[in-house]
Amino acid sequence: MPQTTLERETMEALGLKQPLVIPWVSLVQWLGWAAGTGLAILGALTLASLIPTIPQYRGIDIISFAFLVAVGPTVTFDIIYHSRQRGREERLPDFLGDVASLHKAGLTIQESVIQASKGDYGPLQPLVVQAADQIRWNIPFLAVIDNFRIHLASPIGDRALTAIREAGRTGGNLAEVMALTAENARAFAERRGDRRRSMGLYTIVLYVAGLVFIGIALAMQAVFVPRMIEAFAATAGSGGGFGGSVSGEVPKQTDFRNLFFVAALVQAVGSGIVGGIMTEGRVRTGLLHAAVLVAVTLLGFQFA
């Protein structure tokens, strides 16, 4: 955002510059995706070269493991970062409300920020302390708000702090604007929390349905498939023409295992992505659910 001449001259006199914002989160995420995918491909090729006699159905297992290696670490990092950002957004209304109250009590807006920084705002506290330090260095308040907005890197914070900055530029009542933006930010955060809690039951149903599907598939493979293969073999041997294929070949248990495994993987990935979109509105959250369900599916079919 452009600065006024006074702000720019003050920043230059103090030898300070606007912070250079590097999207390091996105950079690390894309590097994680690339590294995970590369490791998955390398691992699959290594296994294929070292174990030439690997059973045919193990190829699906390798693909499942490659999915976990490529998706798991990066999505986990993204979820951790997103959780921290959500914590900052939830505490932003408290900080803005405290500053507005102190300003209404008679303190200047700069003194209000410094006084509010003595409180505890959880994940937001480092940015609050940084803003108070900038105030002590005589950096203009509007530049401090802009720096705060840049470092916060949040849609809620961007709307709220932009409104405060514009009110300061046009000579508006900062205390009233900060109080209103705090209420709006709090209402938005509460609505998002209500959505996450109301859809939490769907997440539980998602995992229960996935486990039930895997259990049924494993039970069919252990009990139903052997009898079906025996029936196929008896029919093919009697010349009834009801073999497992046109050539009369009897299907193997690994063929049914592949069928059930692929069906379970499709169910795990699809349900996980849909669940993440419905609960958080984010595909990456859905990929984390999908990775958990794929891991459970892989372990179930490996050790059942």
# chains A, B, ... in the order shown; residues from 1 in each chain; ligands from 1
>>> residues_around(residues="region 282-291 of chain A", least_positions_apart="4", cutoff="8 Å", atoms="only C-alpha atoms", output="list in words")
Phe67, Leu68, Val71, Gly72, Val75, Thr76, Asp78, Ile79, Ala268, Val269, Gly270, Ser271, Gly272, Ile273, Val274, Gly275, Gly276, Ile277 and Ala295 of chain A
>>> write_last_selection(atoms="C-alpha atoms", output="CSV table (one decimal), in the first residue's frame")
chain,number,residue,atom,x,y,z
A,67,PHE,CA,0.4,-40.7,-1.9
A,68,LEU,CA,1.1,-40.6,1.8
A,71,VAL,CA,0.7,-35.4,0.7
A,72,GLY,CA,1.1,-36.2,4.4
A,75,VAL,CA,-0.6,-31.0,4.3
A,76,THR,CA,0.3,-31.4,8.0
A,78,ASP,CA,-0.3,-26.4,6.2
A,79,ILE,CA,-2.8,-27.5,8.8
A,268,ALA,CA,-11.0,-42.8,1.4
A,269,VAL,CA,-9.7,-40.1,-0.9
A,270,GLY,CA,-13.2,-38.9,-2.0
A,271,SER,CA,-14.7,-38.8,1.5
A,272,GLY,CA,-11.7,-37.1,2.9
A,273,ILE,CA,-11.7,-34.3,0.4
A,274,VAL,CA,-15.4,-33.7,0.7
A,275,GLY,CA,-15.2,-33.8,4.5
A,276,GLY,CA,-12.4,-31.1,4.5
A,277,ILE,CA,-14.4,-28.9,2.1
A,295,ALA,CA,-3.1,-44.9,5.8
>>> residues_around(residues="Pro226 (chain A)", least_positions_apart="2", cutoff="12 Å", atoms="only C-alpha atoms", output="list in words")
Ala219, Met220, Gln221, Ala222, Val223, Phe224, Met228, Ile229, Glu230, Ala231, Phe232, Ala233, Val250, Pro251, Lys252, Gln253, Thr254, Asp255, Phe256 and Arg257 of chain A
>>> residues_around(residues="region 180-187 of chain A", least_positions_apart="2", cutoff="7 Å", atoms="only C-alpha atoms", output="list of chain:residue names")
A:Glu90, A:Pro93, A:Leu96, A:Gly97, A:Ile156, A:Ala160, A:Glu176, A:Val177, A:Met178, A:Ala189, A:Glu190, A:Arg191
>>> write_last_selection(atoms="N, CA and C atoms", output="PDB file, in the first residue's frame")
ATOM      1  N   GLU A  90      -8.675 -15.116  15.874  1.00  0.00           N
ATOM      2  CA  GLU A  90      -9.622 -15.128  16.987  1.00  0.00           C
ATOM      3  C   GLU A  90      -9.245 -14.136  18.081  1.00  0.00           C
ATOM      4  N   PRO A  93      -9.798  -9.440  17.406  1.00  0.00           N
ATOM      5  CA  PRO A  93     -10.856  -8.559  17.943  1.00  0.00           C
ATOM      6  C   PRO A  93     -10.585  -8.115  19.379  1.00  0.00           C
ATOM      7  N   LEU A  96      -7.966  -5.233  19.136  1.00  0.00           N
ATOM      8  CA  LEU A  96      -8.556  -4.006  18.602  1.00  0.00           C
ATOM      9  C   LEU A  96      -9.547  -3.400  19.590  1.00  0.00           C
ATOM     10  N   GLY A  97     -10.334  -4.240  20.266  1.00  0.00           N
ATOM     11  CA  GLY A  97     -11.275  -3.727  21.246  1.00  0.00           C
ATOM     12  C   GLY A  97     -10.579  -3.070  22.427  1.00  0.00           C
ATOM     13  N   ILE A 156      -9.229 -11.759   7.395  1.00  0.00           N
ATOM     14  CA  ILE A 156      -9.977 -10.995   8.400  1.00  0.00           C
ATOM     15  C   ILE A 156      -9.177  -9.774   8.832  1.00  0.00           C
ATOM     16  N   ALA A 160     -10.023  -5.655   8.393  1.00  0.00           N
ATOM     17  CA  ALA A 160     -10.155  -4.822   9.591  1.00  0.00           C
ATOM     18  C   ALA A 160      -9.094  -3.729   9.625  1.00  0.00           C
ATOM     19  N   GLU A 176     -13.984   4.584  17.313  1.00  0.00           N
ATOM     20  CA  GLU A 176     -15.232   3.981  16.858  1.00  0.00           C
ATOM     21  C   GLU A 176     -14.985   2.969  15.743  1.00  0.00           C
ATOM     22  N   VAL A 177     -14.086   3.312  14.830  1.00  0.00           N
ATOM     23  CA  VAL A 177     -13.795   2.397  13.715  1.00  0.00           C
ATOM     24  C   VAL A 177     -13.160   1.111  14.235  1.00  0.00           C
ATOM     25  N   MET A 178     -12.241   1.229  15.178  1.00  0.00           N
ATOM     26  CA  MET A 178     -11.592   0.038  15.729  1.00  0.00           C
ATOM     27  C   MET A 178     -12.601  -0.826  16.479  1.00  0.00           C
ATOM     28  N   ALA A 189     -15.350 -14.614  12.984  1.00  0.00           N
ATOM     29  CA  ALA A 189     -14.656 -15.750  13.595  1.00  0.00           C
ATOM     30  C   ALA A 189     -15.641 -16.686  14.298  1.00  0.00           C
ATOM     31  N   GLU A 190     -16.662 -16.115  14.939  1.00  0.00           N
ATOM     32  CA  GLU A 190     -17.654 -16.951  15.618  1.00  0.00           C
ATOM     33  C   GLU A 190     -18.470 -17.758  14.614  1.00  0.00           C
ATOM     34  N   ARG A 191     -18.840 -17.155  13.494  1.00  0.00           N
ATOM     35  CA  ARG A 191     -19.591 -17.898  12.475  1.00  0.00           C
ATOM     36  C   ARG A 191     -18.750 -19.040  11.916  1.00  0.00           C
TER      37      ARG A 191
END
>>> closest_residue(among="A:Thr279, A:Asp94, A:Arg227, A:Ala116", to="Ile204 (chain A)", atoms="only C-alpha atoms")
A:Thr279
>>> atom_distance(atom1="CA of Val296 (chain A)", atom2="CA of Arg195 (chain A)")
27.0 Å
>>> closest_residue(among="A:Leu161, A:Ile114, A:Leu107, A:Ala209", to="Asn138 (chain A)", atoms="only C-alpha atoms")
A:Ile114
>>> closest_residue(among="A:Ala264, A:Ala70, A:Leu174, A:Ile150", to="Ile109 (chain A)", atoms="only C-alpha atoms")
A:Leu174
>>> residues_around(residues="Lys104 (chain A)", least_positions_apart="3", cutoff="7 Å", atoms="only C-alpha atoms", output="MDAnalysis selection string")
chainID A and resid 100:101 175
>>> write_last_selection(atoms="N, CA and C atoms", output="PDB file, in the first residue's frame")
ATOM      1  N   ALA A 100      -9.243   0.308  21.295  1.00  0.00           N
ATOM      2  CA  ALA A 100     -10.346   1.265  21.170  1.00  0.00           C
ATOM      3  C   ALA A 100     -10.811   1.741  22.550  1.00  0.00           C
ATOM      4  N   SER A 101     -10.902   0.853  23.520  1.00  0.00           N
ATOM      5  CA  SER A 101     -11.342   1.237  24.869  1.00  0.00           C
ATOM      6  C   SER A 101     -10.347   2.183  25.526  1.00  0.00           C
ATOM      7  N   ALA A 175     -11.273   5.383  17.332  1.00  0.00           N
ATOM      8  CA  ALA A 175     -11.801   4.541  18.393  1.00  0.00           C
ATOM      9  C   ALA A 175     -13.083   3.835  17.952  1.00  0.00           C
TER      10      ALA A 175
END
>>> select_by_dssp(residues="region 108-298 of chain A", states="helix (DSSP H, G or I)", output="ChimeraX atom specification")
/A:109-116,122-136,141-152,155-169,174-198,200-237,253-280,283-298
>>> residues_around(residues="Asp98 (chain A)", least_positions_apart="6", cutoff="9 Å", atoms="only C-alpha atoms", output="list in words")
Ser112, Val113, Ala116 and Ala179 of chain A
>>> write_last_selection(atoms="N, CA and C atoms", output="mmCIF file, in the first residue's frame")
data_model
loop_
_atom_site.group_PDB
_atom_site.id
_atom_site.type_symbol
_atom_site.label_atom_id
_atom_site.label_comp_id
_atom_site.auth_asym_id
_atom_site.auth_seq_id
_atom_site.Cartn_x
_atom_site.Cartn_y
_atom_site.Cartn_z
ATOM 1 N N SER A 112 -2.279 3.930 23.491
ATOM 2 C CA SER A 112 -3.219 2.811 23.645
ATOM 3 C C SER A 112 -2.607 1.510 23.154
ATOM 4 N N VAL A 113 -1.894 1.576 22.016
ATOM 5 C CA VAL A 113 -1.251 0.369 21.482
ATOM 6 C C VAL A 113 -0.174 -0.129 22.445
ATOM 7 N N ALA A 116 -1.845 -1.634 25.503
ATOM 8 C CA ALA A 116 -2.497 -2.910 25.190
ATOM 9 C C ALA A 116 -1.485 -4.026 24.998
ATOM 10 N N ALA A 179 -13.520 -0.193 17.198
ATOM 11 C CA ALA A 179 -14.539 -0.973 17.913
ATOM 12 C C ALA A 179 -15.452 -1.709 16.943
#
>>> atom_distance(atom1="CA of Phe95 (chain A)", atom2="CA of Gln125 (chain A)")
9.2 Å
>>> closest_residue(among="A:Gln302, A:Gln110, A:Gln267, A:Asn258", to="Phe213 (chain A)", atoms="only C-alpha atoms")
A:Gln267
>>> atom_distance(atom1="CA of Tyr121 (chain A)", atom2="CA of Arg91 (chain A)")
5.9 Å
